[in-house]
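Okay, structure first, notes after.
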Amino acid sequence: MQGRGRGRVQEKPHNLKKALGDLLNYSQKEIAIFVIALILAAGGAVLTIIGPRQISKITDIITAGLMTSIDMEGIARVGFLLVGLYTLSGLMTFLQHYLMAGFNQRMSKRMRKDIVAKINRLPLSYFNFHEHGDVLSRVTNDVDTIGFSLSNSLATIVSAVAQFVGCLIMMVITNWIMAGTSVISTILAMILMMFIIAKSQRYFVARQHNLGSLNGYIEEMYTGHDIIRISNADSQVKQKFDELNGKVKDANFKSQFLGGLMQPLMGFIGNFGYVAVCVVGAALAMNGTITFGVITAFMIYVRQFQSPVQQIGQAMTNLQSAAAAAERVFEFLNEPEMDTEDEKEQKIQDVRGEVEFRHVKFAYPDKPEETIIKDFSAHVMPGQKVAIVGPTGAGKTTLVNLLMRFYETTGGDILIDGVNIRDMKRSEVHDQFGMVLQDTWLFEGTVKQNLLYNTKDVTDEQMKAACKACGIHSFIKALPQGYDTVLSDNTAISAGQKQLMTIARAMIQNSPMLILDEATSSVDTRTELLTQRAMDQLTEHRTSFVIAHRLSTIRNADIILVLRDGDIVEQGSHEQLMEKGGFYATLYNSQFEQAA
């Protein structure tokens, strides 16, 4: 991947309807539970609507009883009915929250699982142009935002709509004049709510996008923390961080401010409608059109009628966050994947290690006009040690990526034991190679777990023999728990020791072929000699490809391929190339001149 860099993620136009549609379609297996939860939410809301009607009866009974005697049996009868209604409503609400919590967590779990699985199906080129922190933000922040917003929004909206419609029906049945008064104020509230939603949606999208960019930058700076300190670039990093952090703050402020306007404005309009209903109700009561109990019921209905509008407004604010996060998640899940290879059955039995490059050409998918490897041909016999050398940008690592099928060739063929790697599954190709990269990778786990990573049927004696060959057995035994020591950020291990552990891991894997990408770059001269002997033992009778910058480490290679601008300009043994006095000899001599 010569000369490739990660770019910033570009913000795309937001589509609220599509994002929510993708989200609901994604959860089809859970749709039955989801619907039941929404029905319970609506049922609980409807039951509470019946209450004010019964309360008005109590009020009328008491009012009539003031003139004669109060009907306590009637009050008790209505009271018990109210207790039953509200108890059943509470039970339905409890079940609704229980079901929604389960639905939310199952969907979030599945979404994270699908994102991680998606990562393994994406071509390597995707990660050249997308920050790792941005991908991490989608797995964590965006999925959490979706789950939180859904569990607190959809059920609320359904419950509020049911309560709104139920209240409207009950108010019209009770008194259409007072119902009309309340509806007018509610229409004003809904118009205002839709206006705020339309204005604030872009800020919710910007918030998720800017948060992803900030996480990506933090991950990038944390990885290169040592270089930043050495370069005294603290102020530059801080300036860039402040810029990204400021964008997150601005987007958060605008989205929260506009979203927060919803509740006070709805409350103001609700109170205005409440006063209007009281005035109209008083006038109707004085004319004898309605009873005092109707006014009591309407005062409760108005509160219940206005409350859903406020709840819908708040829920829509949460749904905006969910839609913005869902768009980022499904944008990632819909990224083009590598071709499926279910139909490929070609395998190699008893691998010999013969590798042939036939007129290989390659250009990166995003820039097909820029050919990186123009016409590469080479024939490697089983057991040979092949060194690939050349200046930076010559295509050395790209060539290995093509051999491993991390990228597909633009033209030409690569064959292993006469079988075209295009006819094999990627996993089958990967099984033929052990790799030691310049960038070491150790995970948080014991030394033994790191050495035996994804390797089975290896005895402790074989593991220790590999570590002795690499010269790290004594070092490991000196650790607090030896091979059972847990490696973490607090474990004192040098970069060279980490690299030696990755070499030992490759020895333990015992793959038919090897790829060594500057595997001794982080070790000192004394350790390099020990490691070189171990690698000579490791590569014995195995086809191996060694990418080297220090040319002194590959003098014993059977074939040295000298790359320049994507083509082989020279090939042969070290002695042959030095006698030729060409480009390789110039590179070799220049290294010793610099050392001198």
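Letters A, B, ... go to the chains of the structure tokens in the order shown; residues in each chain start at 1; ligands are counted from 1 in the same order.
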
Expected answer as a PyMOL selection string: alpha helix (DSSP H) residues in region 125-181 of chain A = chain A and resi 132-137+143-174+176-181

Could you pull the residues within 8 Å of Phe298 (chain A), counting only C-alpha atoms, minus those fewer than 3 positions along the same chain, as a VMD selection string?
-> chain A and resid 52 171 178 277 294 to 295 301 to 302

Between CA of Lys425 (chain A) and CA of Asp366 (chain A) - distance in Å to one decimal |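 Computing it gives 24.0 Å between the two atoms.
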
Got a sec: who's within 8 Å of region 447-464 of chain A, counting only C-alpha atoms, leaving out chain neighbours fewer than 5 positions off, as a PyMOL selection string?
-> chain A and resi 442+473+476+482-487+501-502+504-505+508-509

Could you check which of A:Thr289, A:Ser200, A:Ser307, A:Asn141 is closest to Ile177 (chain A), using only C-alpha atoms?
->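 Smallest distance to Ile177 (chain A) is found for A:Thr289.
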
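Residues in contact with region 532-544 of chain A at 8 Å, where only C-alpha atoms are counted and same-chain residues fewer than 6 positions away are skipped, are listed as Gly353, Glu354, Val380, Met381, Pro382, Gly383, Gln384, Lys385, Val386, Ala469, Cys470, Met507, Pro512, Met513, Leu514, Ile515, Leu516 and Thr553 of chain A.
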
Could you write out the selected residues, including C-alpha atoms, as a CSV table (one decimal), in the first residue's frame?
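Resulting contents of part14.csv:
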```csv
chain,number,residue,atom,x,y,z
A,353,GLY,CA,5.7,-23.7,-2.9
A,354,GLU,CA,6.2,-22.9,-6.6
A,380,VAL,CA,10.0,-18.8,-8.0
A,381,MET,CA,10.9,-22.5,-7.5
A,382,PRO,CA,9.9,-24.4,-4.3
A,383,GLY,CA,12.1,-23.7,-1.3
A,384,GLN,CA,13.7,-20.6,-2.7
A,385,LYS,CA,14.3,-17.5,-0.6
A,386,VAL,CA,13.2,-14.5,-2.6
A,469,ALA,CA,15.3,-20.2,18.2
A,470,CYS,CA,14.3,-16.5,18.2
A,507,MET,CA,7.5,-20.3,13.2
A,512,PRO,CA,4.2,-23.9,3.7
A,513,MET,CA,5.3,-20.4,2.6
A,514,LEU,CA,6.4,-17.2,4.3
A,515,ILE,CA,6.2,-13.5,3.8
A,516,LEU,CA,8.6,-11.4,5.9
A,553,THR,CA,20.1,-9.0,5.6
```

9 Å contact set for Leu168 (chain A), only C-alpha atoms, chain neighbours under 4 positions out, as a list of chain:residue names = A:Gln163, A:Phe164, A:Val172, A:Ile173, A:Ala179, A:Val183, A:Tyr301, A:Phe305

Could you name the residues that touch region 106-113 of chain A at 8 Å or less, counting only C-alpha atoms, but leaving out those on the same chain fewer than 6 positions away, as a list of chain:residue names?
-> A:Ser27, A:Val139, A:Val143, A:Asp144, A:Ile146, A:Gly147

Backbone DSSP call of strand (DSSP E or B) for region 343-534 of chain A, listed as JSON, numbers by chain = {"A": [355, 356, 357, 358, 359, 360, 361, 362, 363, 371, 372, 373, 374, 375, 376, 377, 378, 379, 380, 385, 386, 387, 388, 389, 411, 412, 413, 414, 415, 416, 419, 420, 433, 434, 435, 436, 445, 446, 486, 487, 513, 514, 515, 516, 517]}

Separation of CA of Glu341 (chain A) from CA of Leu124 (chain A), in Å and rounded to one decimal =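 Result for CA of Glu341 (chain A) versus CA of Leu124 (chain A): 16.7 Å, one decimal.
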
Selected residue, from A:Leu261, A:Asp250, A:Tyr584, A:Asp142, that lies nearest to Leu192 (chain A) when counting only C-alpha atoms = A:Leu261

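Candidate residues A:Asp242, A:Glu428, A:Glu570, A:Asp517 were compared for distance to His549 (chain A), and the nearest is A:Asp517, using only C-alpha atoms.
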
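Atom pair CA of Ala297 (chain A) / CA of Cys167 (chain A): separated by 10.7 Å.
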